[in-house]
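Reproduced below: work_11.csv, with CSV, C-alpha atoms.
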```csv
chain,number,residue,atom,x,y,z
A,267,MET,CA,136.2,-191.6,-59.9
A,268,ARG,CA,136.1,-192.4,-63.6
A,269,GLU,CA,139.2,-192.9,-65.8
A,270,VAL,CA,138.2,-191.4,-69.2
A,271,SER,CA,141.6,-191.9,-70.7
A,272,PRO,CA,144.8,-193.4,-69.3
A,273,GLY,CA,145.8,-191.3,-66.3
A,274,ILE,CA,142.9,-188.8,-66.8
A,275,TYR,CA,140.1,-188.9,-64.2
A,276,ILE,CA,136.8,-187.1,-63.5
A,277,GLU,CA,134.7,-187.2,-60.4
A,278,THR,CA,131.0,-186.5,-61.0
A,279,ASP,CA,129.4,-187.6,-57.7
A,280,GLN,CA,130.5,-184.7,-55.4
A,281,ARG,CA,128.6,-181.6,-54.2
A,282,GLY,CA,129.2,-178.4,-56.0
A,283,ALA,CA,130.7,-179.4,-59.4
A,284,ASN,CA,132.7,-182.1,-61.2
A,285,TYR,CA,136.4,-182.4,-60.5
A,286,GLY,CA,139.3,-183.9,-62.4
A,287,GLY,CA,142.8,-185.1,-62.2
A,288,ILE,CA,145.5,-185.4,-64.9
A,289,VAL,CA,148.4,-187.8,-64.0
A,290,THR,CA,151.7,-186.9,-65.6
A,291,ASP,CA,155.1,-188.5,-65.3
A,292,ASP,CA,156.1,-185.8,-62.8
A,293,GLY,CA,152.9,-185.6,-60.8
A,294,VAL,CA,149.2,-184.8,-60.7
A,295,VAL,CA,147.4,-181.7,-62.1
A,296,VAL,CA,144.1,-181.1,-60.3
A,297,ILE,CA,141.1,-179.6,-62.1
A,298,ASP,CA,138.9,-177.7,-59.5
A,299,THR,CA,138.5,-178.8,-55.8
A,300,PRO,CA,135.4,-180.0,-53.9
A,301,MET,CA,133.5,-177.6,-51.7
A,302,VAL,CA,132.6,-180.0,-48.9
A,303,PRO,CA,135.7,-180.7,-46.7
A,304,VAL,CA,135.2,-184.4,-46.3
A,305,GLN,CA,134.7,-184.8,-50.0
A,306,ALA,CA,137.8,-182.6,-50.8
A,307,ARG,CA,140.0,-184.8,-48.6
A,308,ALA,CA,138.6,-188.0,-50.1
A,309,PHE,CA,139.1,-186.6,-53.7
A,310,ARG,CA,142.7,-185.7,-52.8
A,311,ASP,CA,143.4,-189.1,-51.3
A,312,GLU,CA,141.9,-191.0,-54.2
A,313,LEU,CA,144.1,-189.1,-56.7
A,314,ARG,CA,147.1,-190.0,-54.6
A,315,ARG,CA,146.1,-193.6,-54.7
A,316,LEU,CA,145.4,-193.7,-58.4
A,317,SER,CA,148.7,-191.9,-59.2
A,318,GLY,CA,150.7,-194.2,-57.1
A,319,GLY,CA,151.5,-191.5,-54.6
A,320,LYS,CA,152.8,-188.9,-57.1
A,321,PRO,CA,153.0,-185.3,-55.9
A,322,PHE,CA,150.4,-182.6,-56.8
A,323,LEU,CA,151.9,-180.2,-59.3
A,324,TYR,CA,149.2,-177.7,-59.8
A,325,VAL,CA,145.5,-177.0,-58.9
A,326,ILE,CA,143.6,-175.3,-61.8
A,327,ASN,CA,140.5,-173.4,-60.9
A,328,THR,CA,138.2,-173.0,-63.9
A,329,ASP,CA,136.4,-170.1,-62.2
A,330,HIS,CA,136.2,-168.4,-58.8
A,331,HIS,CA,132.8,-169.8,-57.6
A,332,ARG,CA,132.9,-171.7,-54.3
A,333,GLY,CA,132.1,-175.1,-55.9
A,334,HIS,CA,135.4,-174.9,-57.7
A,335,ILE,CA,137.8,-173.3,-55.2
A,336,LEU,CA,136.9,-174.1,-51.5
A,337,GLY,CA,138.9,-177.4,-51.5
A,338,ASN,CA,142.1,-175.6,-52.5
A,339,GLN,CA,143.2,-175.5,-48.9
A,340,PHE,CA,143.4,-179.3,-48.7
A,341,PHE,CA,145.9,-179.5,-51.6
A,342,GLN,CA,148.4,-177.0,-50.1
A,343,PRO,CA,151.2,-176.1,-50.7
A,344,THR,CA,150.3,-177.0,-54.4
A,345,PRO,CA,150.4,-173.8,-56.6
A,346,VAL,CA,146.9,-172.7,-57.7
A,347,ILE,CA,146.4,-171.5,-61.3
A,348,ALA,CA,143.4,-169.4,-62.4
A,349,HIS,CA,142.4,-166.4,-64.6
A,350,ASP,CA,143.3,-162.9,-63.5
A,351,GLN,CA,139.7,-162.1,-62.7
A,352,ALA,CA,139.3,-165.2,-60.5
A,353,TRP,CA,142.3,-164.0,-58.5
A,354,LYS,CA,140.6,-160.6,-58.1
A,355,HIS,CA,137.3,-162.1,-56.9
A,356,MET,CA,138.9,-164.7,-54.6
A,357,LYS,CA,141.2,-162.0,-53.0
A,358,GLY,CA,138.0,-160.2,-52.0
A,359,TYR,CA,136.4,-163.1,-50.3
A,360,SER,CA,135.9,-162.0,-46.7
A,361,ASP,CA,134.5,-163.4,-43.5
A,362,ASN,CA,131.1,-162.5,-45.0
A,363,PHE,CA,131.7,-164.9,-47.9
A,364,LYS,CA,132.7,-167.6,-45.5
A,365,GLN,CA,129.6,-167.1,-43.3
A,366,ARG,CA,127.4,-167.4,-46.4
A,367,VAL,CA,129.0,-170.7,-47.2
A,368,ILE,CA,128.3,-172.0,-43.7
A,369,ASP,CA,124.7,-170.6,-43.8
A,370,SER,CA,124.0,-172.4,-47.1
A,371,PHE,CA,124.2,-175.7,-45.3
A,372,LYS,CA,121.9,-174.8,-42.4
A,373,LYS,CA,119.6,-177.6,-43.4
A,374,GLU,CA,122.5,-180.1,-43.4
A,375,PRO,CA,124.1,-179.7,-40.0
A,376,GLU,CA,126.4,-182.7,-40.6
A,377,ILE,CA,128.0,-180.8,-43.5
A,378,GLN,CA,127.8,-177.4,-41.8
A,379,ALA,CA,129.8,-178.7,-38.9
A,380,GLN,CA,132.8,-179.5,-41.2
A,381,PHE,CA,133.4,-175.8,-42.0
A,382,THR,CA,135.3,-175.0,-38.9
A,383,ASP,CA,138.3,-173.3,-40.6
A,384,ILE,CA,137.6,-172.0,-44.1
A,385,GLU,CA,140.8,-170.8,-45.7
A,386,ILE,CA,140.6,-169.1,-49.1
A,387,ILE,CA,143.6,-170.1,-51.2
A,388,VAL,CA,144.0,-167.5,-54.0
A,389,PRO,CA,145.8,-168.3,-57.2
A,390,ASP,CA,149.6,-168.2,-57.2
A,391,VAL,CA,149.8,-168.1,-61.0
A,392,THR,CA,147.3,-166.2,-63.2
A,393,PHE,CA,146.8,-165.5,-66.9
A,394,SER,CA,144.7,-163.2,-69.0
A,395,HIS,CA,143.9,-165.4,-72.1
A,396,ARG,CA,145.9,-168.6,-72.2
A,397,LEU,CA,148.5,-170.5,-70.2
A,398,ASP,CA,150.2,-173.7,-71.4
A,399,ILE,CA,151.7,-176.4,-69.2
A,400,VAL,CA,154.1,-178.9,-70.8
A,401,ARG,CA,155.3,-181.3,-68.2
A,402,GLY,CA,155.6,-184.9,-67.5
A,403,GLY,CA,154.6,-186.0,-71.0
A,404,ARG,CA,151.4,-183.9,-71.0
A,405,ASP,CA,150.5,-180.9,-73.1
A,406,ILE,CA,147.9,-179.0,-71.0
A,407,ARG,CA,146.4,-175.7,-72.3
A,408,ILE,CA,144.3,-173.5,-70.1
A,409,ILE,CA,142.1,-171.1,-72.1
A,410,LYS,CA,139.8,-168.3,-70.9
A,411,VAL,CA,136.4,-168.5,-72.6
A,412,GLY,CA,134.3,-166.4,-70.2
A,413,GLY,CA,130.5,-166.3,-70.4
A,414,HIS,CA,129.5,-168.1,-67.2
A,415,THR,CA,131.8,-165.8,-65.3
A,416,VAL,CA,134.5,-163.3,-66.5
A,417,ALA,CA,137.1,-165.9,-65.4
A,418,THR,CA,135.6,-169.1,-66.8
A,419,SER,CA,138.3,-171.2,-68.4
A,420,VAL,CA,138.6,-174.6,-70.1
A,421,VAL,CA,141.5,-177.1,-69.9
A,422,TRP,CA,142.4,-178.6,-73.3
A,423,LEU,CA,144.5,-181.7,-73.8
A,424,PRO,CA,145.1,-181.7,-77.6
A,425,GLU,CA,147.0,-185.1,-77.7
A,426,GLU,CA,144.1,-186.9,-75.9
A,427,ARG,CA,141.4,-184.8,-77.6
A,428,LEU,CA,139.8,-184.2,-74.2
A,429,LEU,CA,138.4,-180.9,-72.9
A,430,PHE,CA,137.6,-180.0,-69.3
A,431,VAL,CA,135.0,-177.3,-69.9
A,432,GLY,CA,134.1,-176.3,-66.3
A,433,ASP,CA,130.8,-174.5,-66.0
A,434,ALA,CA,130.8,-173.4,-69.6
A,435,VAL,CA,128.7,-176.5,-70.2
A,436,TRP,CA,125.9,-177.9,-67.9
A,437,VAL,CA,124.5,-181.2,-69.1
A,438,ASP,CA,120.7,-181.7,-68.7
A,439,GLN,CA,120.3,-178.9,-66.1
A,440,HIS,CA,119.7,-175.2,-65.9
A,441,PRO,CA,122.9,-173.2,-65.9
A,442,TYR,CA,123.7,-170.6,-63.2
A,443,MET,CA,123.7,-167.3,-65.0
A,444,ALA,CA,123.7,-164.6,-62.3
A,445,GLN,CA,127.2,-163.4,-63.2
A,446,ALA,CA,127.0,-164.3,-66.9
A,447,ASN,CA,127.6,-162.5,-70.1
A,448,SER,CA,125.3,-164.3,-72.4
A,449,LYS,CA,126.8,-163.1,-75.7
A,450,GLU,CA,130.3,-164.1,-74.5
A,451,TRP,CA,129.0,-167.4,-73.3
A,452,LEU,CA,127.6,-168.2,-76.8
A,453,ASP,CA,131.0,-167.2,-78.3
A,454,GLY,CA,132.7,-169.5,-75.8
A,455,LEU,CA,130.5,-172.4,-76.8
A,456,THR,CA,131.3,-171.8,-80.5
A,457,PHE,CA,135.1,-171.8,-79.6
A,458,ILE,CA,134.6,-175.1,-77.7
A,459,ARG,CA,133.0,-176.7,-80.7
A,460,LYS,CA,135.8,-175.5,-83.0
A,461,LEU,CA,138.4,-177.4,-80.9
A,462,LYS,CA,136.6,-180.6,-82.0
A,463,ALA,CA,137.3,-182.6,-78.8
A,464,ASP,CA,136.3,-186.2,-78.8
A,465,ARG,CA,134.8,-185.8,-75.3
A,466,LEU,CA,133.9,-183.0,-73.0
A,467,LEU,CA,134.3,-183.2,-69.3
A,468,PRO,CA,131.7,-180.7,-68.1
A,469,GLY,CA,131.4,-178.8,-64.8
A,470,ARG,CA,128.0,-180.2,-64.2
A,471,GLY,CA,126.6,-183.5,-65.4
A,472,PRO,CA,128.0,-186.6,-67.2
A,473,VAL,CA,130.9,-186.8,-69.7
A,474,CYS,CA,129.4,-185.8,-73.0
A,475,GLY,CA,130.1,-185.0,-76.7
A,476,ARG,CA,130.1,-181.7,-78.5
A,477,GLU,CA,126.3,-182.0,-78.9
A,478,ALA,CA,125.9,-180.8,-75.3
A,479,THR,CA,127.2,-177.4,-76.3
A,480,GLU,CA,124.5,-177.1,-79.0
A,481,ARG,CA,121.8,-177.6,-76.4
A,482,MET,CA,123.4,-175.0,-74.1
A,483,SER,CA,123.6,-172.5,-77.0
A,484,GLU,CA,119.9,-173.1,-77.9
A,485,TYR,CA,119.0,-172.5,-74.2
A,486,ILE,CA,120.9,-169.2,-74.0
A,487,ARG,CA,119.7,-168.0,-77.5
A,488,PHE,CA,116.1,-168.7,-76.6
A,489,MET,CA,116.4,-166.9,-73.3
A,490,ARG,CA,118.0,-163.9,-75.0
A,491,HIS,CA,115.3,-163.8,-77.7
A,492,ARG,CA,112.5,-163.9,-75.2
A,493,VAL,CA,114.0,-161.2,-73.0
A,494,ARG,CA,114.7,-159.0,-76.1
A,495,VAL,CA,111.1,-159.3,-77.2
A,496,ASN,CA,109.8,-158.3,-73.7
A,497,HIS,CA,112.4,-155.5,-73.4
A,498,ARG,CA,111.4,-154.0,-76.8
A,499,GLN,CA,107.8,-154.1,-75.7
A,500,GLY,CA,108.8,-151.8,-72.8
A,501,LYS,CA,108.2,-154.4,-70.1
A,502,SER,CA,110.1,-153.8,-66.8
A,503,LYS,CA,112.7,-156.2,-65.6
A,504,GLN,CA,110.3,-157.7,-63.1
A,505,GLU,CA,107.6,-158.2,-65.7
A,506,THR,CA,110.1,-159.8,-68.1
A,507,VAL,CA,111.4,-162.2,-65.5
A,508,ALA,CA,107.8,-163.2,-64.6
A,509,ALA,CA,106.9,-163.8,-68.2
A,510,VAL,CA,110.1,-165.6,-69.4
A,511,VAL,CA,110.7,-167.9,-66.4
A,512,ARG,CA,107.5,-169.9,-67.3
A,513,GLU,CA,109.0,-170.5,-70.8
A,514,MET,CA,112.4,-171.7,-69.5
A,515,THR,CA,111.6,-174.2,-66.8
A,516,GLY,CA,110.7,-177.0,-69.2
A,517,TRP,CA,114.1,-176.9,-71.0
A,518,PHE,CA,115.7,-179.2,-68.5
A,519,PRO,CA,114.3,-181.5,-65.8
A,520,ILE,CA,114.0,-180.0,-62.3
A,521,ALA,CA,113.9,-182.3,-59.2
A,522,PRO,CA,111.1,-181.4,-56.8
A,523,ALA,CA,113.6,-181.0,-54.0
A,524,VAL,CA,115.3,-178.1,-55.8
A,525,LYS,CA,112.4,-176.6,-57.7
A,526,SER,CA,112.3,-173.3,-55.8
A,527,LYS,CA,116.1,-172.9,-55.9
A,528,THR,CA,116.3,-173.7,-59.6
A,529,GLU,CA,113.5,-171.3,-60.5
A,530,SER,CA,115.3,-168.6,-58.5
A,531,GLN,CA,118.4,-169.4,-60.5
A,532,ILE,CA,116.6,-169.1,-63.8
A,533,LYS,CA,115.1,-165.8,-62.8
A,534,GLN,CA,118.6,-164.5,-62.0
A,535,GLY,CA,119.7,-165.4,-65.5
A,536,ILE,CA,116.8,-163.7,-67.1
A,537,GLY,CA,117.4,-160.6,-65.0
A,538,ARG,CA,121.1,-160.7,-66.0
A,539,ILE,CA,120.2,-160.8,-69.7
A,540,TRP,CA,117.6,-158.0,-69.2
A,541,ASN,CA,120.4,-155.8,-67.8
A,542,GLU,CA,122.5,-156.6,-70.9
A,543,MET,CA,119.6,-155.5,-73.2
A,544,GLU,CA,119.0,-152.4,-71.1
A,545,LYS,CA,122.7,-151.5,-71.3
A,546,ALA,CA,122.9,-152.0,-75.0
A,547,ALA,CA,119.7,-149.9,-75.5
A,548,ARG,CA,121.2,-147.0,-73.5
A,549,VAL,CA,124.5,-147.2,-75.4
A,550,LYS,CA,122.6,-147.0,-78.7
A,551,GLU,CA,120.5,-144.1,-77.4
A,552,ASN,CA,123.5,-142.1,-76.2
A,553,ALA,CA,125.3,-142.8,-79.6
A,554,GLU,CA,122.2,-141.4,-81.5
A,555,ILE,CA,122.1,-138.3,-79.2
A,556,GLU,CA,125.8,-137.7,-79.8
A,557,ALA,CA,125.4,-138.1,-83.6
A,558,ASP,CA,122.4,-135.7,-83.6
A,559,THR,CA,124.4,-133.2,-81.6
A,560,GLU,CA,127.4,-133.4,-83.9
A,561,ALA,CA,125.1,-132.9,-86.9
A,562,SER,CA,123.6,-129.8,-85.3
A,563,ASP,CA,127.0,-128.4,-84.7
A,564,ASP,CA,127.9,-128.8,-88.4
A,565,GLU,CA,124.9,-126.9,-89.6
```

Can the structure from this file be put into C-alpha cells for me?
Amino acid sequence: MREVSPGIYIETDQRGANYGGIVTDDGVVVIDTPMVPVQARAFRDELRRLSGGKPFLYVINTDHHRGHILGNQFFQPTPVIAHDQAWKHMKGYSDNFKQRVIDSFKKEPEIQAQFTDIEIIVPDVTFSHRLDIVRGGRDIRIIKVGGHTVATSVVWLPEERLLFVGDAVWVDQHPYMAQANSKEWLDGLTFIRKLKADRLLPGRGPVCGREATERMSEYIRFMRHRVRVNHRQGKSKQETVAAVVREMTGWFPIAPAVKSKTESQIKQGIGRIWNEMEKAARVKENAEIEADTEASDDE
C-alpha cells in the first residue's frame, strides 16, 4: 500500500484492479474493493491499521465490474456508493454471474476455493451525475464520466489535487472495451485533463500524470479511425476485427502468459466500436429516408 499524500493510499499489487483509501478525521472512505477474498480481507485490515482503527465510512465503486465490487461484502455494514447504472447491473447479478467468477479461476484452484460464499452487495447510495462528500476535513467529489462502462466514475479530491480515475485510465496496457462507448470515453478523458490533477490514481497500472490520458485517447482514436475506414469499405464486423486487431496489439506490451486473453479483449473492443459505427450509419440512413419522404409529401 502506497501513501500518495497524507492519509491517501493506493494498492496496486492486487488482482482485478487498483484500490484506494482516503483517511478522514471521521473514518475511512474506500475506493473499490478487491476481487479475491484473501486480498480483500488483507486490504481491509491494512486500511484499519494505517488509519489507527478508524471506522469505514463509505465504499465507493467506480463501476460495476467484478474487479471493483466483489470485495464489498468484507466491508459490511459500510454503505456502498456507485452510479445509478452500477446499481442496475449489480442488482441483476445472479447465481450465473457468481458461477462465472468461480469458473474464471479454474486454473488457480487455491483462489477458486476461496469463493465459497459470494455475496453481491449492491449500492446503498446512488447518483446520476455527481455526488459530493464533505466529511472529516475532506472534500470528496464523485463524478460520472462513462466511457469504459455506463457507470464509470472518478473520485476527485480538489484540495489535494488527486484524482482516482478507476478504469477510465489504463497505464501501459490494453483497456477492456467490451461494454464501452468510445466517443463518451474520449469525452471523459478530456474532462479528466481539464481538472488538472497533479496525479492520477488509475484503475490499472502505476500512479501517473495527465499524460497517461493522452496515450489512452490516442489508442481509442486510432481504433475508431481504423474501424471507421473498414466499415466504410463495406467490410463485415468479423473482417474488420481480423484486420484491425493486428494494428492494435503493438500499442502496449502483452505478457506471453496473457497473450490470448489480451487479443480476445482487443477484439471485443474493435467489435464494440464497429457496432457504434453501424448504429450511426443506420441512424443517418433512416434520417435521409425520412427527409426524402417529407420532401415527396411536400411536392

Practice prompt. Can you pull out every residue within 8 Å of A:Val431, counting all atoms listed in the file, but drop anything in the same chain fewer than 4 positions away, and send it as a ChimeraX atom specification?
Written response: /A:419-421,435,466-469

Output for the residues just chosen: C-alpha atoms as a short mmCIF file (atom, residue, chain, number, x, y, z; two decimals), in the coordinates of the input:
```
data_model
loop_
_atom_site.label_atom_id
_atom_site.label_comp_id
_atom_site.auth_asym_id
_atom_site.auth_seq_id
_atom_site.Cartn_x
_atom_site.Cartn_y
_atom_site.Cartn_z
CA SER A 419 138.30 -171.20 -68.40
CA VAL A 420 138.60 -174.60 -70.10
CA VAL A 421 141.50 -177.10 -69.90
CA VAL A 435 128.70 -176.50 -70.20
CA LEU A 466 133.90 -183.00 -73.00
CA LEU A 467 134.30 -183.20 -69.30
CA PRO A 468 131.70 -180.70 -68.10
CA GLY A 469 131.40 -178.80 -64.80
#
```

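Within 9 Å of A:Asp405, once only C-alpha atoms are used and residues closer than 4 positions along the same chain are dropped, the contacting residues are A:Asp398, A:Ile399, A:Val400, A:Arg401, A:Trp422, A:Leu423, A:Pro424, A:Glu425.
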
Surrounding residues of A:Trp451 excluding itself and chain neighbours under 5 positions, 8 Å, only C-alpha atoms, as a PDB file with C-alpha atoms, in the frame of the given file:
```
ATOM      1  CA  VAL A 411     136.400-168.500 -72.600  1.00  0.00           C
ATOM      2  CA  GLY A 412     134.300-166.400 -70.200  1.00  0.00           C
ATOM      3  CA  GLY A 413     130.500-166.300 -70.400  1.00  0.00           C
ATOM      4  CA  HIS A 414     129.500-168.100 -67.200  1.00  0.00           C
ATOM      5  CA  ALA A 434     130.800-173.400 -69.600  1.00  0.00           C
ATOM      6  CA  ALA A 446     127.000-164.300 -66.900  1.00  0.00           C
TER       7      ALA A 446
END
```

Worksheet item: Smallest atom-to-atom distance to A:Tyr275: which of A:Trp540, A:Phe430, A:Phe371, A:Phe322, using all atoms listed in the file?
Response: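 For A:Tyr275, the nearest of the candidates is A:Phe430.
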
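Using only C-alpha atoms, the smallest distance between any of A:Pro272, A:Gly358, A:Pro300, A:Gly500 and A:Arg332 comes from A:Pro300.
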
Worksheet item: What separation in Å, quoted to one decimal, exists between atom CA of A:Gly432 and atom CA of A:Thr328?
Response: 5.8 Å

Item to complete: Extract, using only C-alpha atoms, all DNA, RNA and protein residues at most 12 Å from A:His491, discarding same-chain residues fewer than 4 positions from it, and format them as a PyMOL selection string.
Response: chain A and resi 448-449+484-487+495-498+506+510+513-514+536+539-540+543

Discussion item. Using only C-alpha atoms, can you tell me which of A:Arg476, A:Gln439, A:Pro345, A:Ala546 comes closest to A:Gly516?
Written reply: A:Gln439

Worksheet item: Which residue out of A:Arg548, A:His440, A:Lys460, A:His349 has the minimum interatomic distance to A:Lys525 when all atoms listed in the file are used?
Response: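 Ranked by minimum distance to A:Lys525, first place goes to A:His440.
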
Reconstructed N, CA and C atoms for stretch 392-412 of chain A, given as a PDB file, in the coordinates of the input:
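Output file out.pdb is given in full below:
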```pdb
ATOM      1  N   THR A 392     148.504-166.594 -62.432  1.00  0.00           N
ATOM      2  CA  THR A 392     147.300-166.200 -63.200  1.00  0.00           C
ATOM      3  C   THR A 392     147.661-165.906 -64.640  1.00  0.00           C
ATOM      4  N   PHE A 393     146.630-165.790 -65.446  1.00  0.00           N
ATOM      5  CA  PHE A 393     146.800-165.500 -66.900  1.00  0.00           C
ATOM      6  C   PHE A 393     145.620-164.703 -67.348  1.00  0.00           C
ATOM      7  N   SER A 394     145.766-164.056 -68.503  1.00  0.00           N
ATOM      8  CA  SER A 394     144.700-163.200 -69.000  1.00  0.00           C
ATOM      9  C   SER A 394     143.928-163.907 -70.151  1.00  0.00           C
ATOM     10  N   HIS A 395     144.614-164.696 -70.956  1.00  0.00           N
ATOM     11  CA  HIS A 395     143.900-165.400 -72.100  1.00  0.00           C
ATOM     12  C   HIS A 395     144.239-166.873 -72.095  1.00  0.00           C
ATOM     13  N   ARG A 396     145.516-167.230 -72.018  1.00  0.00           N
ATOM     14  CA  ARG A 396     145.900-168.600 -72.200  1.00  0.00           C
ATOM     15  C   ARG A 396     147.179-168.910 -71.405  1.00  0.00           C
ATOM     16  N   LEU A 397     147.265-170.100 -70.843  1.00  0.00           N
ATOM     17  CA  LEU A 397     148.500-170.500 -70.200  1.00  0.00           C
ATOM     18  C   LEU A 397     148.709-172.008 -70.535  1.00  0.00           C
ATOM     19  N   ASP A 398     149.909-172.337 -70.989  1.00  0.00           N
ATOM     20  CA  ASP A 398     150.200-173.700 -71.400  1.00  0.00           C
ATOM     21  C   ASP A 398     151.156-174.352 -70.342  1.00  0.00           C
ATOM     22  N   ILE A 399     150.869-175.597 -70.021  1.00  0.00           N
ATOM     23  CA  ILE A 399     151.700-176.400 -69.200  1.00  0.00           C
ATOM     24  C   ILE A 399     152.204-177.593 -69.975  1.00  0.00           C
ATOM     25  N   VAL A 400     153.490-177.696 -70.171  1.00  0.00           N
ATOM     26  CA  VAL A 400     154.100-178.900 -70.800  1.00  0.00           C
ATOM     27  C   VAL A 400     155.003-179.525 -69.835  1.00  0.00           C
ATOM     28  N   ARG A 401     154.530-180.636 -69.297  1.00  0.00           N
ATOM     29  CA  ARG A 401     155.300-181.300 -68.200  1.00  0.00           C
ATOM     30  C   ARG A 401     154.901-182.722 -68.066  1.00  0.00           C
ATOM     31  N   GLY A 402     155.875-183.542 -67.779  1.00  0.00           N
ATOM     32  CA  GLY A 402     155.600-184.900 -67.500  1.00  0.00           C
ATOM     33  C   GLY A 402     154.913-185.686 -68.607  1.00  0.00           C
ATOM     34  N   GLY A 403     155.233-185.307 -69.853  1.00  0.00           N
ATOM     35  CA  GLY A 403     154.600-186.000 -71.000  1.00  0.00           C
ATOM     36  C   GLY A 403     153.246-185.530 -71.360  1.00  0.00           C
ATOM     37  N   ARG A 404     152.765-184.465 -70.730  1.00  0.00           N
ATOM     38  CA  ARG A 404     151.400-183.900 -71.000  1.00  0.00           C
ATOM     39  C   ARG A 404     151.520-182.513 -71.584  1.00  0.00           C
ATOM     40  N   ASP A 405     150.659-182.223 -72.551  1.00  0.00           N
ATOM     41  CA  ASP A 405     150.500-180.900 -73.100  1.00  0.00           C
ATOM     42  C   ASP A 405     149.105-180.407 -72.579  1.00  0.00           C
ATOM     43  N   ILE A 406     149.105-179.444 -71.659  1.00  0.00           N
ATOM     44  CA  ILE A 406     147.900-179.000 -71.000  1.00  0.00           C
ATOM     45  C   ILE A 406     147.718-177.502 -71.309  1.00  0.00           C
ATOM     46  N   ARG A 407     146.580-177.118 -71.916  1.00  0.00           N
ATOM     47  CA  ARG A 407     146.400-175.700 -72.300  1.00  0.00           C
ATOM     48  C   ARG A 407     145.149-175.168 -71.575  1.00  0.00           C
ATOM     49  N   ILE A 408     145.344-174.116 -70.818  1.00  0.00           N
ATOM     50  CA  ILE A 408     144.300-173.500 -70.100  1.00  0.00           C
ATOM     51  C   ILE A 408     143.860-172.225 -70.834  1.00  0.00           C
ATOM     52  N   ILE A 409     142.597-172.146 -71.222  1.00  0.00           N
ATOM     53  CA  ILE A 409     142.100-171.100 -72.100  1.00  0.00           C
ATOM     54  C   ILE A 409     140.899-170.411 -71.536  1.00  0.00           C
ATOM     55  N   LYS A 410     140.932-169.099 -71.423  1.00  0.00           N
ATOM     56  CA  LYS A 410     139.800-168.300 -70.900  1.00  0.00           C
ATOM     57  C   LYS A 410     138.712-168.278 -72.033  1.00  0.00           C
ATOM     58  N   VAL A 411     137.474-168.652 -71.667  1.00  0.00           N
ATOM     59  CA  VAL A 411     136.400-168.500 -72.600  1.00  0.00           C
ATOM     60  C   VAL A 411     135.292-167.562 -72.087  1.00  0.00           C
ATOM     61  N   GLY A 412     135.276-167.292 -70.767  1.00  0.00           N
ATOM     62  CA  GLY A 412     134.300-166.400 -70.200  1.00  0.00           C
ATOM     63  C   GLY A 412     132.880-166.897 -70.315  1.00  0.00           C
TER      64      GLY A 412
END
```
